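The structure under discussion appears below in the form of structure tokens.
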Amino acid sequence: MSVSKTIANLDQLDRTLDSMLILPEAEGWDEARAAWNLAVDQRPAAVAIPPTADDVARVVRAASRFGLEVATQTTGHNAGPLPVLDDVILLKTTSLTGVEIDFEARRARVGGGTTWFEVTEPASSGGLAPLAGSAPDVGVAGYTLGGGLSWLGRRYGLGSNAVVSIDVVTADGRHRTVDTGNDPDLFWALRGGGGNFGVVTALEFELFPAPSVVAGWLAWPWERSREVLSAWSDWTRALPDEVTSTARLLQVPGLPAIPESVRGRQLVVIEAAMLLSEPIAEDLLEPLRRLRPEIDTFALIPPVALSHLHMDPDEPVPTTGDHRLVSALPTALIDHIVDTAGPATDSPLVVVELRHLGGALARSTDDAGALDRLAGEHMLFAGGLTTDPETGWAIESRLHALLDGASPWDTGRRYSNFSEGRTDSRLFFSEETHRRLLAVRERVDPQRLFLANHAID
């Protein structure tokens with residue numbers, strides 16, 4: 001069925017759908033179809049922006065009747081792995097917003113199109129924090145369906161395992177609420193199994209006590225990268241679970257939105273969030289401060305301030321990136337990272353970062369979802385700004401050199417939220433988990449109506 005015929009039939013099928021549809025050549029088309037990563041050129045058959053959960057169900061039923069697929073997005077993060085969208089309705093959940101917080105029960109209920117900052121800000125006012133990501137504009141639903149790696153992760157685990165119920169529209173056009181007592185297999189699959197099982201219209205999840213957090217940056221000129229990364233690696237080995245930290249080699253873009261103190265500079269940075277008292281946190285930081293950082297921003301902050309700690313871009317940009325989960329961070333791997341993408345190289349990579357895992361991120365529980373934990377001691381991620389084809393090629397070449405060189409420590413597993421290219425979904429899970437996910441998908445979406453960025457097939 002051609003795209004033009006498909007759109008014509010959709011319009012005839014249900015005139016109430018027309019107000020939700022944006023078609024090619026219509027005003028606002030390019031904005032509606034855009035992914036967050038501007039290097040990704042999404043060209044679906046149509047974009048649907050349903051204002052309510054009932055309207056989501058109407059779009060799903062229409063797509064099913066005409067043999068189309070549905071790809072769900074809020075902000076469009078991690079859109080790169082999606083295939084060609086010629087016969088796909090891109091369903092944007094941006095209208096499904098709203099946040100309700102029960103401070104006594106320490107729970108939040110949010111619409112499926114809500115972004116993390118919409119949750120962290122009101123939660124923080126009551127001394128609570130969600131297991132939010134490092135970027136405030138990421139959608140709660142997509143982040144959580146993929147697992148969710150937060151600044152509080154080593155203490156409380158993956159964000160998907162803090163979820164207590166999910167409202168979802170499945171391929172049969174039904175709107176249902178799933179939890180441990182209502183279709184527990186689907187509830188399990190949605191927590192870490194990605195967007196393969198339906199359109200999430202609302203989530204309820206736990207919030208965690210955090211009246212304040214000790215957090216900040218330590219930064220040095222990147223000529224000291226080898227020394228600082230080695231010291232950080234030693235420092236992480238004895239940290240309590242209450243500390244989650246990241247080390248980064250940064251070539252900071254000269255963008256006006258970036259603070260002047262770091263704009264346009266090349267730095268090696270250590271960031272951390274500590275659920276500890278200030279005196280204990282100060283003692284823990286002492287070994288790193290003995291290295292005399294040029295920048296030291298550590299302070300007692302409200303949890304909402306963690307939203308901007310990582311200093312991710314506020315606006316969409318064209319990027320290319322990828323990652324590995326590594327089992328250790330020995331001197332040989334640090335040397336490889338610095339020699340490939342640090343000082344004295346012509347690396348086009350804007351960032352090379354190591355996120356410290358372990359703690360609760362490495363422990364499974366009986367009530368965990370499909371992604372129960374992350375394999376590895378650290379996650380190595382790197383990326384650059386794809387401003388033109390030549391730069392894009394240079395970034396991909398350097399990424400391959402960096403990540404291939406880490407193969408001796410590669411766990412062989414991947415994390416879907418940081419897999420920005422096509423990745424075999426079997427790399428995200430154990431064989432048993434992958435088989436179980438396939439069985440759930442076969443039950444709830446046998447016709448493969450839903451198109452996720454990482455397909456369970």
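Chain lettering (A, B, ...) mirrors the order of the structure tokens, residue numbering begins at 1 for each chain separately, and ligand numbering begins at 1 in order of display.
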
Would you please extract all strand (DSSP E or B) residues from region 9-228 of chain A, as assigned by DSSP on the backbone, and give them as a PDB file with N, CA and C atoms, in the first residue's frame?
ATOM      1  N   LEU A  21      -3.752  14.247  13.096  1.00  0.00           N
ATOM      2  CA  LEU A  21      -2.738  13.879  12.107  1.00  0.00           C
ATOM      3  C   LEU A  21      -2.065  15.101  11.498  1.00  0.00           C
ATOM      4  N   ILE A  22      -0.772  14.976  11.308  1.00  0.00           N
ATOM      5  CA  ILE A  22      -0.007  15.939  10.513  1.00  0.00           C
ATOM      6  C   ILE A  22       0.594  15.143   9.367  1.00  0.00           C
ATOM      7  N   ASN A  37      17.822  14.094  18.010  1.00  0.00           N
ATOM      8  CA  ASN A  37      19.106  14.090  17.326  1.00  0.00           C
ATOM      9  C   ASN A  37      18.885  14.587  15.901  1.00  0.00           C
ATOM     10  N   ALA A  46       2.892   9.555   8.493  1.00  0.00           N
ATOM     11  CA  ALA A  46       2.151  10.642   9.133  1.00  0.00           C
ATOM     12  C   ALA A  46       2.602  10.731  10.577  1.00  0.00           C
ATOM     13  N   VAL A  47       2.330  11.866  11.177  1.00  0.00           N
ATOM     14  CA  VAL A  47       2.570  12.056  12.606  1.00  0.00           C
ATOM     15  C   VAL A  47       1.221  12.253  13.278  1.00  0.00           C
ATOM     16  N   ALA A  48       1.003  11.514  14.363  1.00  0.00           N
ATOM     17  CA  ALA A  48      -0.217  11.675  15.143  1.00  0.00           C
ATOM     18  C   ALA A  48       0.138  12.233  16.507  1.00  0.00           C
ATOM     19  N   GLU A  69       2.358   0.384  10.900  1.00  0.00           N
ATOM     20  CA  GLU A  69       3.016   0.235  12.187  1.00  0.00           C
ATOM     21  C   GLU A  69       2.917   1.560  12.944  1.00  0.00           C
ATOM     22  N   VAL A  70       3.177   1.482  14.253  1.00  0.00           N
ATOM     23  CA  VAL A  70       3.153   2.664  15.115  1.00  0.00           C
ATOM     24  C   VAL A  70       4.479   2.745  15.852  1.00  0.00           C
ATOM     25  N   ALA A  71       5.153   3.868  15.729  1.00  0.00           N
ATOM     26  CA  ALA A  71       6.369   4.151  16.505  1.00  0.00           C
ATOM     27  C   ALA A  71       6.060   5.290  17.461  1.00  0.00           C
ATOM     28  N   THR A  72       6.315   5.090  18.733  1.00  0.00           N
ATOM     29  CA  THR A  72       5.964   6.075  19.756  1.00  0.00           C
ATOM     30  C   THR A  72       7.170   6.888  20.167  1.00  0.00           C
ATOM     31  N   GLN A  73       6.997   8.198  20.270  1.00  0.00           N
ATOM     32  CA  GLN A  73       8.049   9.087  20.755  1.00  0.00           C
ATOM     33  C   GLN A  73       7.443  10.200  21.594  1.00  0.00           C
ATOM     34  N   VAL A  88       4.688   3.923   8.553  1.00  0.00           N
ATOM     35  CA  VAL A  88       4.622   4.038  10.010  1.00  0.00           C
ATOM     36  C   VAL A  88       3.936   5.347  10.398  1.00  0.00           C
ATOM     37  N   ILE A  89       3.040   5.256  11.372  1.00  0.00           N
ATOM     38  CA  ILE A  89       2.524   6.458  12.019  1.00  0.00           C
ATOM     39  C   ILE A  89       3.425   6.755  13.213  1.00  0.00           C
ATOM     40  N   LEU A  90       4.037   7.912  13.199  1.00  0.00           N
ATOM     41  CA  LEU A  90       4.855   8.352  14.321  1.00  0.00           C
ATOM     42  C   LEU A  90       3.924   8.991  15.345  1.00  0.00           C
ATOM     43  N   LEU A  91       3.723   8.312  16.461  1.00  0.00           N
ATOM     44  CA  LEU A  91       2.776   8.765  17.477  1.00  0.00           C
ATOM     45  C   LEU A  91       3.533   9.534  18.549  1.00  0.00           C
ATOM     46  N   LYS A  92       3.302  10.828  18.594  1.00  0.00           N
ATOM     47  CA  LYS A  92       3.954  11.693  19.575  1.00  0.00           C
ATOM     48  C   LYS A  92       3.052  11.842  20.808  1.00  0.00           C
ATOM     49  N   VAL A  99       1.546  15.810  36.137  1.00  0.00           N
ATOM     50  CA  VAL A  99       2.290  15.193  37.236  1.00  0.00           C
ATOM     51  C   VAL A  99       1.468  15.307  38.513  1.00  0.00           C
ATOM     52  N   GLU A 100       1.239  14.188  39.167  1.00  0.00           N
ATOM     53  CA  GLU A 100       0.581  14.159  40.471  1.00  0.00           C
ATOM     54  C   GLU A 100       1.537  13.493  41.454  1.00  0.00           C
ATOM     55  N   ILE A 101       1.824  14.177  42.551  1.00  0.00           N
ATOM     56  CA  ILE A 101       2.772  13.644  43.536  1.00  0.00           C
ATOM     57  C   ILE A 101       2.063  13.434  44.870  1.00  0.00           C
ATOM     58  N   ASP A 102       2.202  12.235  45.390  1.00  0.00           N
ATOM     59  CA  ASP A 102       1.725  11.907  46.731  1.00  0.00           C
ATOM     60  C   ASP A 102       2.953  11.912  47.636  1.00  0.00           C
ATOM     61  N   ARG A 107       5.236   8.770  45.976  1.00  0.00           N
ATOM     62  CA  ARG A 107       4.973   8.265  44.644  1.00  0.00           C
ATOM     63  C   ARG A 107       4.574   9.405  43.721  1.00  0.00           C
ATOM     64  N   ALA A 108       4.868   9.214  42.440  1.00  0.00           N
ATOM     65  CA  ALA A 108       4.448  10.166  41.412  1.00  0.00           C
ATOM     66  C   ALA A 108       3.684   9.419  40.334  1.00  0.00           C
ATOM     67  N   ARG A 109       2.634  10.053  39.831  1.00  0.00           N
ATOM     68  CA  ARG A 109       1.920   9.545  38.667  1.00  0.00           C
ATOM     69  C   ARG A 109       2.040  10.606  37.581  1.00  0.00           C
ATOM     70  N   VAL A 110       2.504  10.190  36.395  1.00  0.00           N
ATOM     71  CA  VAL A 110       2.776  11.163  35.343  1.00  0.00           C
ATOM     72  C   VAL A 110       2.189  10.675  34.021  1.00  0.00           C
ATOM     73  N   GLY A 111       1.858  11.631  33.157  1.00  0.00           N
ATOM     74  CA  GLY A 111       1.412  11.296  31.817  1.00  0.00           C
ATOM     75  C   GLY A 111       2.549  10.754  30.972  1.00  0.00           C
ATOM     76  N   THR A 115       8.227  15.042  30.641  1.00  0.00           N
ATOM     77  CA  THR A 115       9.687  15.009  30.682  1.00  0.00           C
ATOM     78  C   THR A 115      10.158  15.036  32.136  1.00  0.00           C
ATOM     79  N   LEU A 128      12.017  15.095  47.848  1.00  0.00           N
ATOM     80  CA  LEU A 128      12.010  13.790  47.205  1.00  0.00           C
ATOM     81  C   LEU A 128      12.684  13.880  45.836  1.00  0.00           C
ATOM     82  N   ALA A 129      13.113  12.721  45.334  1.00  0.00           N
ATOM     83  CA  ALA A 129      13.752  12.677  44.024  1.00  0.00           C
ATOM     84  C   ALA A 129      13.325  11.422  43.282  1.00  0.00           C
ATOM     85  N   GLY A 139      12.145  12.243  27.913  1.00  0.00           N
ATOM     86  CA  GLY A 139      10.832  11.767  28.296  1.00  0.00           C
ATOM     87  C   GLY A 139      10.904  10.673  29.345  1.00  0.00           C
ATOM     88  N   VAL A 163       9.096   1.501  39.141  1.00  0.00           N
ATOM     89  CA  VAL A 163       7.743   1.673  38.624  1.00  0.00           C
ATOM     90  C   VAL A 163       6.789   0.738  39.352  1.00  0.00           C
ATOM     91  N   VAL A 164       5.608   1.249  39.707  1.00  0.00           N
ATOM     92  CA  VAL A 164       4.616   0.421  40.406  1.00  0.00           C
ATOM     93  C   VAL A 164       3.388   0.129  39.547  1.00  0.00           C
ATOM     94  N   SER A 165       3.132   0.920  38.506  1.00  0.00           N
ATOM     95  CA  SER A 165       2.046   0.600  37.575  1.00  0.00           C
ATOM     96  C   SER A 165       2.241   1.397  36.293  1.00  0.00           C
ATOM     97  N   ILE A 166       1.688   0.862  35.209  1.00  0.00           N
ATOM     98  CA  ILE A 166       1.804   1.492  33.901  1.00  0.00           C
ATOM     99  C   ILE A 166       0.457   1.421  33.192  1.00  0.00           C
ATOM    100  N   ASP A 167       0.007   2.544  32.651  1.00  0.00           N
ATOM    101  CA  ASP A 167      -1.153   2.566  31.765  1.00  0.00           C
ATOM    102  C   ASP A 167      -0.647   2.452  30.337  1.00  0.00           C
ATOM    103  N   VAL A 168      -1.200   1.505  29.573  1.00  0.00           N
ATOM    104  CA  VAL A 168      -0.667   1.234  28.242  1.00  0.00           C
ATOM    105  C   VAL A 168      -1.803   0.876  27.288  1.00  0.00           C
ATOM    106  N   VAL A 169      -1.695   1.351  26.053  1.00  0.00           N
ATOM    107  CA  VAL A 169      -2.592   0.934  24.978  1.00  0.00           C
ATOM    108  C   VAL A 169      -1.889  -0.158  24.194  1.00  0.00           C
ATOM    109  N   HIS A 175      -7.072  -0.016  26.310  1.00  0.00           N
ATOM    110  CA  HIS A 175      -6.321   0.770  27.283  1.00  0.00           C
ATOM    111  C   HIS A 175      -6.398   0.037  28.609  1.00  0.00           C
ATOM    112  N   ARG A 176      -5.228  -0.331  29.136  1.00  0.00           N
ATOM    113  CA  ARG A 176      -5.221  -1.144  30.355  1.00  0.00           C
ATOM    114  C   ARG A 176      -4.167  -0.635  31.334  1.00  0.00           C
ATOM    115  N   THR A 177      -4.370  -0.950  32.591  1.00  0.00           N
ATOM    116  CA  THR A 177      -3.387  -0.664  33.635  1.00  0.00           C
ATOM    117  C   THR A 177      -2.772  -1.977  34.064  1.00  0.00           C
ATOM    118  N   VAL A 178      -1.426  -2.033  34.031  1.00  0.00           N
ATOM    119  CA  VAL A 178      -0.732  -3.264  34.410  1.00  0.00           C
ATOM    120  C   VAL A 178       0.161  -2.998  35.615  1.00  0.00           C
ATOM    121  N   VAL A 199       1.713   1.539  23.711  1.00  0.00           N
ATOM    122  CA  VAL A 199       1.937   2.972  23.910  1.00  0.00           C
ATOM    123  C   VAL A 199       1.646   3.302  25.371  1.00  0.00           C
ATOM    124  N   VAL A 200       2.638   3.738  26.085  1.00  0.00           N
ATOM    125  CA  VAL A 200       2.467   4.086  27.495  1.00  0.00           C
ATOM    126  C   VAL A 200       1.810   5.457  27.594  1.00  0.00           C
ATOM    127  N   THR A 201       0.685   5.506  28.294  1.00  0.00           N
ATOM    128  CA  THR A 201      -0.034   6.774  28.455  1.00  0.00           C
ATOM    129  C   THR A 201       0.127   7.368  29.850  1.00  0.00           C
ATOM    130  N   ALA A 202       0.573   6.559  30.815  1.00  0.00           N
ATOM    131  CA  ALA A 202       0.828   7.070  32.161  1.00  0.00           C
ATOM    132  C   ALA A 202       1.669   6.054  32.919  1.00  0.00           C
ATOM    133  N   LEU A 203       2.423   6.544  33.904  1.00  0.00           N
ATOM    134  CA  LEU A 203       3.228   5.687  34.779  1.00  0.00           C
ATOM    135  C   LEU A 203       3.085   6.179  36.214  1.00  0.00           C
ATOM    136  N   GLU A 204       3.196   5.239  37.138  1.00  0.00           N
ATOM    137  CA  GLU A 204       3.306   5.568  38.549  1.00  0.00           C
ATOM    138  C   GLU A 204       4.577   4.924  39.074  1.00  0.00           C
ATOM    139  N   PHE A 205       5.367   5.707  39.822  1.00  0.00           N
ATOM    140  CA  PHE A 205       6.640   5.168  40.290  1.00  0.00           C
ATOM    141  C   PHE A 205       7.011   5.771  41.638  1.00  0.00           C
ATOM    142  N   GLU A 206       7.954   5.094  42.273  1.00  0.00           N
ATOM    143  CA  GLU A 206       8.428   5.528  43.582  1.00  0.00           C
ATOM    144  C   GLU A 206       9.303   6.769  43.481  1.00  0.00           C
ATOM    145  N   PHE A 208      12.169   8.964  46.086  1.00  0.00           N
ATOM    146  CA  PHE A 208      13.088   8.586  47.150  1.00  0.00           C
ATOM    147  C   PHE A 208      13.471   9.803  47.990  1.00  0.00           C
ATOM    148  N   PRO A 209      13.648   9.590  49.290  1.00  0.00           N
ATOM    149  CA  PRO A 209      13.968  10.727  50.163  1.00  0.00           C
ATOM    150  C   PRO A 209      15.322  11.326  49.821  1.00  0.00           C
ATOM    151  N   VAL A 213      21.397  16.930  48.335  1.00  0.00           N
ATOM    152  CA  VAL A 213      22.422  16.048  47.785  1.00  0.00           C
ATOM    153  C   VAL A 213      23.718  16.841  47.706  1.00  0.00           C
ATOM    154  N   VAL A 214      24.825  16.212  48.059  1.00  0.00           N
ATOM    155  CA  VAL A 214      26.125  16.836  47.830  1.00  0.00           C
ATOM    156  C   VAL A 214      26.559  16.453  46.420  1.00  0.00           C
ATOM    157  N   ALA A 215      26.713  17.438  45.556  1.00  0.00           N
ATOM    158  CA  ALA A 215      27.011  17.137  44.155  1.00  0.00           C
ATOM    159  C   ALA A 215      27.787  18.281  43.531  1.00  0.00           C
ATOM    160  N   GLY A 216      28.454  17.971  42.426  1.00  0.00           N
ATOM    161  CA  GLY A 216      29.190  19.003  41.717  1.00  0.00           C
ATOM    162  C   GLY A 216      30.221  18.447  40.768  1.00  0.00           C
ATOM    163  N   TRP A 217      31.088  19.347  40.320  1.00  0.00           N
ATOM    164  CA  TRP A 217      32.174  19.067  39.376  1.00  0.00           C
ATOM    165  C   TRP A 217      33.524  19.310  40.052  1.00  0.00           C
ATOM    166  N   LEU A 218      34.496  18.517  39.636  1.00  0.00           N
ATOM    167  CA  LEU A 218      35.914  18.849  39.780  1.00  0.00           C
ATOM    168  C   LEU A 218      36.494  18.804  38.378  1.00  0.00           C
ATOM    169  N   ALA A 219      37.248  19.822  37.978  1.00  0.00           N
ATOM    170  CA  ALA A 219      37.753  19.873  36.606  1.00  0.00           C
ATOM    171  C   ALA A 219      39.202  20.324  36.576  1.00  0.00           C
ATOM    172  N   TRP A 220      39.942  19.728  35.640  1.00  0.00           N
ATOM    173  CA  TRP A 220      41.350  20.035  35.430  1.00  0.00           C
ATOM    174  C   TRP A 220      41.586  20.229  33.927  1.00  0.00           C
ATOM    175  N   PRO A 221      42.642  20.909  33.521  1.00  0.00           N
ATOM    176  CA  PRO A 221      43.008  20.937  32.101  1.00  0.00           C
ATOM    177  C   PRO A 221      43.212  19.507  31.597  1.00  0.00           C
TER     178      PRO A 221
END

For region 116-126 of chain A, list every protein, DNA or RNA residue within 10 Å, evaluated using only C-alpha atoms, and leave out those in the same chain fewer than 3 positions away; present the list as a PyMOL selection string.
chain A and resi 97-104+106-110+113+129-141+143+207-212+302-308

Excluding Pro389 (chain A) and its own-chain neighbours fewer than 5 positions away, which residues fall within 10 Å of it when counting only C-alpha atoms? Please give them as number ranges by chain.
A: 39, 394-395

My list of candidates is A:Ile258, A:Ala439, A:Gly369, A:Pro81. Which is closest to Arg191 (chain A) when distances are computed with only C-alpha atoms?
A:Gly369

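Residues in contact with region 23-36 of chain A at 6 Å, where only C-alpha atoms are counted and same-chain residues fewer than 2 positions away are skipped, are listed as Leu38, Ala46, Gly76, His77 and Pro316 of chain A.
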
Let me see the file: selected residues, N, CA and C atoms, as an mmCIF file, in the first residue's frame.
data_model
loop_
_atom_site.group_PDB
_atom_site.id
_atom_site.type_symbol
_atom_site.label_atom_id
_atom_site.label_comp_id
_atom_site.auth_asym_id
_atom_site.auth_seq_id
_atom_site.Cartn_x
_atom_site.Cartn_y
_atom_site.Cartn_z
ATOM 1 N N LEU A 38 19.382 15.754 15.594
ATOM 2 C CA LEU A 38 19.123 16.367 14.296
ATOM 3 C C LEU A 38 19.837 15.657 13.156
ATOM 4 N N ALA A 46 2.892 9.555 8.493
ATOM 5 C CA ALA A 46 2.151 10.642 9.133
ATOM 6 C C ALA A 46 2.602 10.731 10.577
ATOM 7 N N GLY A 76 11.858 12.220 21.197
ATOM 8 C CA GLY A 76 12.610 11.731 20.044
ATOM 9 C C GLY A 76 14.047 11.410 20.350
ATOM 10 N N HIS A 77 14.395 11.239 21.638
ATOM 11 C CA HIS A 77 15.735 10.766 21.976
ATOM 12 C C HIS A 77 15.902 9.310 21.529
ATOM 13 N N PRO A 316 17.952 20.434 20.741
ATOM 14 C CA PRO A 316 18.394 19.362 19.846
ATOM 15 C C PRO A 316 19.652 19.735 19.083
#

To one decimal place in Å, what is the distance between CA of Leu399 (chain A) and CA of Ala344 (chain A)?
16.8 Å
